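Comments concern the structure below.
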Amino acid sequence: SSWWSSVKASAEGLIASDGITVDTSALNADYQRGKEASMDAAYKLSNLFVMASQEMMSTAADVAASARTMNSKILLKPQASFGVPLELIVKRECGDEDAAAVPVVLESLLSLLEQKLKENGGAALDVTLLTDMPDDELFAKVESFRDMLDVGESVEAIELSSEPIETTAALFKLFLLEMPGPLLTHACYADFVNALLYEGGASCATDVADLMPPVHRAVTKRLLSFLRDCFITSCADLVSATAAEDRVALAVGPWLLRSSFKERQTCMLHVLQVKEATKVLLKHGDYIFRHTCWFLRPWMGVYALRLTSGDKEKEDSDLWSELTVDAPGMEWENKKAKCGSEVDATGWGGIPMRTAD
């Protein structure tokens with residue numbers, strides 16, 4: 001405003017000194033329009049700067065939080081597994097953050113709980129192992145075991161098998177609770193909820209599962225299988241199994257599905273929706289998170305090949321080691337690929353694939 005006023009005064013002074021007669025009404029109108037336009041532009045520019053600064057502050061906070069969760073603990077404790085992103089754990093254990101593997105500590109805890117199921121004669125484990133909070137004494141013990149595991153001790157070395165089942169279950173829950181994010185990832189939350197409840201159920205959710213990091217897919221499939229076998233299908237009758245499924249879904253849903261937007265508030269508001277989505281996951285987890293191979297040929301695009309009915313031995317094998325894809329449903333002539341990975345097939349010549357009935 002002051003700039004426009006000074007320009008106007010200077011112009012009027014020059015005109016008066018030269019004795020020029022000018023109709024200033026048009027000039028005044030142009031002056032007023034220019035003043036209003038410049039003030040409007042300054043206002044909009046100011047708003048843009050405010051929005052940009054807020055966005056930069058938000059981004060900086062996200063980066064700082066990410067740095068804390070992704071790096072600080074593993075820098076202090078290189079062998080840590082609790083509170084560490086799954087990708088960093090499998091990178092340490094397998095040499096590849098894209099490995100479709102379950103972290104050793106989590107696998108050991110799940111195996112130990114499954115052993116307790118066998119020792120219990122195959123009767124379903126009590127769902128309170130998932131829902132009850134440990135008392136102060138048990139929590140102190142669990143924290144002590146966690147600290148030992150985080151410096152590289154194994155589950156066998158700390159003799160966890162001699163402890164009551166409540167200790168192992170509490171340690172298992174602590175692993176999941178201390179994960180930096182939900183198992184199905186913040187990014188896939190809305191897509192999973194929509195797919196599981198509104199768009200097509202398990203068949204639609206497979207497409208969302210393909211977007212997850214391989215380690216998250218592997219852990220999710222293993223966890224859902226464990227929960228189903230130990231708490232639901234091993235129940236004495238259908239009524240008990242249905243009730244157990246409801247309680248398990250309510251207990252573990254937030255471990256799997258959480259929104260990044262106002263995480264705590266959203267988790268409470270969507271608790272019933274998450275429970276219903278988790279029930280679908282418990283029923284169809286093996287189907288949704290089955291293994292997928294991606295093959296890349298630049299001139300043919302990207303497409304997925306699924307192992308639809310592989311033999312049991314192959315399903316139980318180390319899925320990250322190289323294996324020959326020769327399961328019923330497709331056959332590759334002496335070609336190998338890593339499950340869950342992208343493979344450059346440029347030099348493979350023709351596509352030697354035969355689709356079975």
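Just remember, in the structure tokens the first chain shown is A, the second B, etc., residues are 1-based per chain, and ligands are 1-based in the order shown.
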
### Task
For Phe231 (chain A), work out the shell of residues within 9 Å, counting only C-alpha atoms and skipping chain neighbours fewer than 4 positions away, then give it as number ranges by chain.
A: 123-127, 226-227, 235, 241, 244-245, 248

### Task
Name the residues in contact with region 97-100 of chain A at a cut-off of 6 Å, using only C-alpha atoms, excluding same-chain residues fewer than 4 positions from it; report them as a list of chain:residue names.
A:Glu87, A:Val90, A:Lys91, A:Pro214, A:Val215, A:Ala218

Create the file for the chosen residues now, containing N, CA and C atoms and written as a compact mmCIF listing (two decimals), in the first residue's frame.
```
# COMPACT_ATOMS: atom_id res chain seq x y z
N GLU A 87 11.60 -54.53 8.79
CA GLU A 87 12.54 -54.52 7.67
C GLU A 87 13.99 -54.53 8.16
N VAL A 90 14.90 -58.15 9.60
CA VAL A 90 15.20 -59.19 8.60
C VAL A 90 16.43 -58.83 7.77
N LYS A 91 16.71 -57.52 7.63
CA LYS A 91 17.94 -57.15 6.94
C LYS A 91 19.15 -57.64 7.74
N PRO A 214 7.31 -57.40 1.93
CA PRO A 214 7.31 -58.86 2.08
C PRO A 214 7.37 -59.34 3.51
N VAL A 215 8.16 -58.69 4.36
CA VAL A 215 8.27 -59.15 5.75
C VAL A 215 6.95 -58.95 6.48
N ALA A 218 4.68 -61.83 5.43
CA ALA A 218 5.09 -63.09 6.04
C ALA A 218 4.70 -63.15 7.51
```

### Filtered DSSP result for region 18-255 of chain A, state helix (DSSP H, G or I), as a ChimeraX atom specification
/A:18,24-76,86-94,104-119,128-131,136-149,160-162,165-177,186-199,202-209,214-232,238-255

### Surrounding residues of Thr242 (chain A) excluding itself and chain neighbours under 5 positions, 9 Å, only C-alpha atoms, as an MDAnalysis selection string
chainID A and resid 232 237 247

### Message
Just want the 6 Å neighbourhood of region 194-211 of chain A, counted on only C-alpha atoms, with same-chain residues fewer than 3 positions away dropped. Output as a ChimeraX atom specification.
### Response
/A:191,277,288

#### Entry: d(CA of Glu178 (chain A), CA of Ser162 (chain A)) in Å
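It comes out at 24.3 Å.
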
### Message
When you look at Leu112 (chain A) with a cut-off of 7 Å (counting only C-alpha atoms), what residues show up, excluding the ones that are within fewer than 4 positions of it in the same chain? I need them as a list of chain:residue names.
### Response
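Surrounding residues, per the criterion: A:Ser108, A:Lys116, A:Ser161.
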
### Query
Closest to Gln273 (chain A) among A:Gly253, A:Pro180, A:Gly34, A:Pro164, using only C-alpha atoms?
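The answer is A:Gly253, which sits nearest to Gln273 (chain A).
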
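CA of Leu282 (chain A) is positioned 12.4 Å from CA of Ala251 (chain A).
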